[in-house]
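Let me begin by presenting the structure, written as structure tokens, before commenting on it.
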Amino acid sequence: MDETLSLVLFSGTDDKLTAAAVLAVGGAAMGRTVNVFLQYWALEAFRADRIRKDHGAAPEAGPEGVSALARATERGKSQHWADLLEQAKLVGEVTVHACALSMDLFEITKDDLDPMVDDVEGVAAFMADATGPIVFI
Amino acid sequence: MDETLSLVLFSGTDDKLTAAAVLAVGGAAMGRTVNVFLQYWALEAFRADRIRKDHGAAPEAGPEGVSALARATERGKSQHWADLLEQAKLVGEVTVHACALSMDLFEITKDDLDPMVDDVEGVAAFMADATGPIVFI
Amino acid sequence: MDETLSLVLFSGTDDKLTAAAVLAVGGAAMGRTVNVFLQYWALEAFRADRIRKDHGAAPEAGPEGVSALARATERGKSQHWADLLEQAKLVGEVTVHACALSMDLFEITKDDLDPMVDDVEGVAAFMADATGPIVFI
């Protein structure tokens, strides 16, 4: 079994980012190396000035889903994905890489991003480390 | 080659659930162990009182896509994903696990879910069994 | 490490198809065998008469995301995903398979598809070759 878990984060909605962070926590808890690669809308969500803002839910959540999530947050059931990911980083070997191509596409610099992002990386470097499952979220 | 196929179902639209069920059937037919993990909107879709209801298509399908799917259903070309998944369970070793965190988030109990769901499981347990590819749908 | 990278393309928006093509390029550059499997809206996007048309962005991109992509295209930063995929095919062992079930569902024949699509394949055959990570996009 290859211990490395590679997560490609593409989507920038809070529900998908939370699902991703939960997988990172689970992987780290099981002693796996976790490599997170940020593309497109997920990269935008990691901007330092937006990371704690409301990023909504996937369009398919519908009005019912959105209010179910709001109720869960009120009951204190929903932890922010950025907190979950920080916990994963404390628990295990979890690194967060910004996709160089997406950085260029959206004219984002490393300074624009939350400090949780460790570095900027090309897709070939990410692929070289992706010796286990690759999950696109 | 690791025979285990781990499917994380997040989306609750009929097109994505059908694509997931097709992969489960294909995996089971090839003799793979298939572990399905239900999160968020996919978990909602497995509620006993909703599983056979219309869950729509991914928003990107557009009006043309939706009518193409409707025509396919009329021609008897589209099997319900719940039937496909039940076939996969008959063919091979396919188990369906509800994500404990999502159950808590949406206040869903095991009794609310279709009997096709085998148990409730935490993400660490799911990850421990995920020795092969992990597919997020 | 299993060198095979299996990409299941489900979504038909230009942002997701570009992300997929980037992973194919990265995989091919690292010497991996890349198998692409086209289902649903991604299959539609590979129709010979539509492949170069505008397929929009994922709904979650939002108006800001759409204009950021438009600006990137104007600056010449965004290559078309079909070009990227053709480059991947030149660089390495990359094959594109249309899902037989989706072909049937949407009444598409091999002649309707762009020549980049190598053949039509069932899900069991795709699964038999999927000895490494499986990425659903």
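Residue numbering restarts at 1 for every chain of the structure tokens, chains are lettered A, B, ... in their displayed order, and ligands are numbered from 1 as they appear.
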>> as a PyMOL selection string, please: the residues near Pro133 in chain B (cut-off 6 Å, only C-alpha atoms, same-chain neighbours under 3 positions excluded).
In response: (chain A and resi 133) or (chain B and resi 5) or (chain C and resi 133-134)
For this session: Hey, list the chain C side of the contact with chain B: 6 Å cut-off, only C-alpha atoms, answer as an MDAnalysis selection string.
Result: chainID C and resid 105 123:124 131 133:135
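Secondary structure from DSSP on the backbone puts alpha helix (DSSP H) at the following positions of range 42-96 of chain B: Ala42, Leu43, Glu44, Ala45, Gly62, Pro63, Glu64, Gly65, Val66, Ser67, Ala68, Leu69, Ala70, Arg71, Ala72, Thr73, Glu74, Trp81, Ala82, Asp83, Leu84, Leu85, Glu86, Gln87, Ala88, Lys89, Leu90 and Val91 of chain B.
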Produce a file of the selected residues containing N, CA and C atoms, as a PDB file, in the first residue's frame.
ATOM      1  N   ALA B  42     -24.779  13.264  -1.605  1.00  0.00           N
ATOM      2  CA  ALA B  42     -24.972  11.856  -1.973  1.00  0.00           C
ATOM      3  C   ALA B  42     -25.651  11.117  -0.816  1.00  0.00           C
ATOM      4  N   LEU B  43     -25.277  11.458   0.405  1.00  0.00           N
ATOM      5  CA  LEU B  43     -25.913  10.830   1.571  1.00  0.00           C
ATOM      6  C   LEU B  43     -27.409  11.167   1.583  1.00  0.00           C
ATOM      7  N   GLU B  44     -27.718  12.424   1.333  1.00  0.00           N
ATOM      8  CA  GLU B  44     -29.124  12.862   1.249  1.00  0.00           C
ATOM      9  C   GLU B  44     -29.895  12.051   0.202  1.00  0.00           C
ATOM     10  N   ALA B  45     -29.223  11.745  -0.909  1.00  0.00           N
ATOM     11  CA  ALA B  45     -29.884  11.013  -2.003  1.00  0.00           C
ATOM     12  C   ALA B  45     -30.182   9.566  -1.620  1.00  0.00           C
ATOM     13  N   GLY B  62     -27.120  21.527 -18.519  1.00  0.00           N
ATOM     14  CA  GLY B  62     -27.843  22.487 -19.340  1.00  0.00           C
ATOM     15  C   GLY B  62     -29.162  21.899 -19.823  1.00  0.00           C
ATOM     16  N   PRO B  63     -30.019  22.741 -20.392  1.00  0.00           N
ATOM     17  CA  PRO B  63     -31.341  22.261 -20.843  1.00  0.00           C
ATOM     18  C   PRO B  63     -31.236  21.168 -21.908  1.00  0.00           C
ATOM     19  N   GLU B  64     -30.244  21.279 -22.808  1.00  0.00           N
ATOM     20  CA  GLU B  64     -30.059  20.255 -23.847  1.00  0.00           C
ATOM     21  C   GLU B  64     -29.708  18.903 -23.241  1.00  0.00           C
ATOM     22  N   GLY B  65     -28.811  18.921 -22.272  1.00  0.00           N
ATOM     23  CA  GLY B  65     -28.393  17.690 -21.610  1.00  0.00           C
ATOM     24  C   GLY B  65     -29.560  17.036 -20.885  1.00  0.00           C
ATOM     25  N   VAL B  66     -30.336  17.881 -20.195  1.00  0.00           N
ATOM     26  CA  VAL B  66     -31.471  17.356 -19.438  1.00  0.00           C
ATOM     27  C   VAL B  66     -32.473  16.690 -20.381  1.00  0.00           C
ATOM     28  N   SER B  67     -32.720  17.304 -21.549  1.00  0.00           N
ATOM     29  CA  SER B  67     -33.682  16.662 -22.455  1.00  0.00           C
ATOM     30  C   SER B  67     -33.082  15.427 -23.130  1.00  0.00           C
ATOM     31  N   ALA B  68     -31.760  15.420 -23.360  1.00  0.00           N
ATOM     32  CA  ALA B  68     -31.118  14.218 -23.904  1.00  0.00           C
ATOM     33  C   ALA B  68     -31.254  13.051 -22.922  1.00  0.00           C
ATOM     34  N   LEU B  69     -31.110  13.347 -21.623  1.00  0.00           N
ATOM     35  CA  LEU B  69     -31.273  12.301 -20.602  1.00  0.00           C
ATOM     36  C   LEU B  69     -32.720  11.817 -20.550  1.00  0.00           C
ATOM     37  N   ALA B  70     -33.655  12.759 -20.663  1.00  0.00           N
ATOM     38  CA  ALA B  70     -35.081  12.395 -20.621  1.00  0.00           C
ATOM     39  C   ALA B  70     -35.421  11.480 -21.801  1.00  0.00           C
ATOM     40  N   ARG B  71     -34.887  11.810 -22.990  1.00  0.00           N
ATOM     41  CA  ARG B  71     -35.138  10.969 -24.172  1.00  0.00           C
ATOM     42  C   ARG B  71     -34.539   9.566 -23.960  1.00  0.00           C
ATOM     43  N   ALA B  72     -33.334   9.509 -23.375  1.00  0.00           N
ATOM     44  CA  ALA B  72     -32.681   8.217 -23.128  1.00  0.00           C
ATOM     45  C   ALA B  72     -33.519   7.360 -22.171  1.00  0.00           C
ATOM     46  N   THR B  73     -34.089   8.021 -21.163  1.00  0.00           N
ATOM     47  CA  THR B  73     -34.936   7.297 -20.203  1.00  0.00           C
ATOM     48  C   THR B  73     -36.175   6.755 -20.913  1.00  0.00           C
ATOM     49  N   GLU B  74     -36.775   7.569 -21.773  1.00  0.00           N
ATOM     50  CA  GLU B  74     -37.946   7.127 -22.557  1.00  0.00           C
ATOM     51  C   GLU B  74     -37.619   5.918 -23.426  1.00  0.00           C
ATOM     52  N   TRP B  81     -29.668   4.434 -10.987  1.00  0.00           N
ATOM     53  CA  TRP B  81     -28.390   4.163 -10.325  1.00  0.00           C
ATOM     54  C   TRP B  81     -28.546   3.246  -9.113  1.00  0.00           C
ATOM     55  N   ALA B  82     -29.689   3.316  -8.456  1.00  0.00           N
ATOM     56  CA  ALA B  82     -29.888   2.440  -7.294  1.00  0.00           C
ATOM     57  C   ALA B  82     -29.955   0.974  -7.746  1.00  0.00           C
ATOM     58  N   ASP B  83     -30.565   0.738  -8.914  1.00  0.00           N
ATOM     59  CA  ASP B  83     -30.609  -0.634  -9.464  1.00  0.00           C
ATOM     60  C   ASP B  83     -29.212  -1.099  -9.863  1.00  0.00           C
ATOM     61  N   LEU B  84     -28.454  -0.200 -10.504  1.00  0.00           N
ATOM     62  CA  LEU B  84     -27.086  -0.546 -10.905  1.00  0.00           C
ATOM     63  C   LEU B  84     -26.242  -0.911  -9.685  1.00  0.00           C
ATOM     64  N   LEU B  85     -26.394  -0.130  -8.625  1.00  0.00           N
ATOM     65  CA  LEU B  85     -25.599  -0.375  -7.418  1.00  0.00           C
ATOM     66  C   LEU B  85     -26.019  -1.695  -6.761  1.00  0.00           C
ATOM     67  N   GLU B  86     -27.307  -1.994  -6.809  1.00  0.00           N
ATOM     68  CA  GLU B  86     -27.758  -3.280  -6.253  1.00  0.00           C
ATOM     69  C   GLU B  86     -27.205  -4.445  -7.073  1.00  0.00           C
ATOM     70  N   GLN B  87     -27.126  -4.252  -8.398  1.00  0.00           N
ATOM     71  CA  GLN B  87     -26.514  -5.286  -9.241  1.00  0.00           C
ATOM     72  C   GLN B  87     -25.041  -5.468  -8.873  1.00  0.00           C
ATOM     73  N   ALA B  88     -24.364  -4.353  -8.651  1.00  0.00           N
ATOM     74  CA  ALA B  88     -22.941  -4.423  -8.274  1.00  0.00           C
ATOM     75  C   ALA B  88     -22.784  -5.216  -6.982  1.00  0.00           C
ATOM     76  N   LYS B  89     -23.719  -5.000  -6.038  1.00  0.00           N
ATOM     77  CA  LYS B  89     -23.665  -5.720  -4.759  1.00  0.00           C
ATOM     78  C   LYS B  89     -23.895  -7.224  -4.950  1.00  0.00           C
ATOM     79  N   LEU B  90     -24.695  -7.587  -5.950  1.00  0.00           N
ATOM     80  CA  LEU B  90     -24.947  -9.009  -6.224  1.00  0.00           C
ATOM     81  C   LEU B  90     -23.737  -9.650  -6.909  1.00  0.00           C
ATOM     82  N   VAL B  91     -23.092  -8.870  -7.770  1.00  0.00           N
ATOM     83  CA  VAL B  91     -21.968  -9.385  -8.574  1.00  0.00           C
ATOM     84  C   VAL B  91     -20.703  -9.575  -7.741  1.00  0.00           C
TER      85      VAL B  91
END
Mind checking DSSP for range 3-63 of chain C and telling me the strand (DSSP E or B) residues as an mmCIF file with C-alpha atoms, in the first residue's frame?
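Writing the result to selection24.cif gives the following:
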data_model
loop_
_atom_site.group_PDB
_atom_site.id
_atom_site.type_symbol
_atom_site.label_atom_id
_atom_site.label_comp_id
_atom_site.auth_asym_id
_atom_site.auth_seq_id
_atom_site.Cartn_x
_atom_site.Cartn_y
_atom_site.Cartn_z
ATOM 1 C CA LEU C 5 -2.993 7.206 -14.671
ATOM 2 C CA SER C 6 -6.712 6.738 -15.389
ATOM 3 C CA LEU C 7 -8.782 9.861 -15.932
ATOM 4 C CA VAL C 8 -12.572 9.573 -15.993
ATOM 5 C CA LEU C 9 -13.865 12.730 -17.658
ATOM 6 C CA VAL C 34 -2.558 7.827 -19.353
ATOM 7 C CA ASN C 35 -6.014 6.370 -20.100
ATOM 8 C CA VAL C 36 -8.807 8.892 -20.564
ATOM 9 C CA PHE C 37 -12.414 7.652 -20.362
ATOM 10 C CA LEU C 38 -15.172 9.984 -21.629
ATOM 11 C CA ARG C 47 -18.094 15.872 -30.551
#
Closest of B:Phe46, B:Glu93, B:Ala21, B:Gln39 to Glu121 in chain B, counting only C-alpha atoms, is B:Gln39
Expressed in Å, the length from CA of Lys110 in chain C to CA of His55 in chain C is 20.7 Å
| Between CA of Thr4 in chain A and CA of Ile51 in chain A, distance in Å (one decimal) |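 Between CA of Thr4 in chain A and CA of Ile51 in chain A the gap works out to 25.9 Å.
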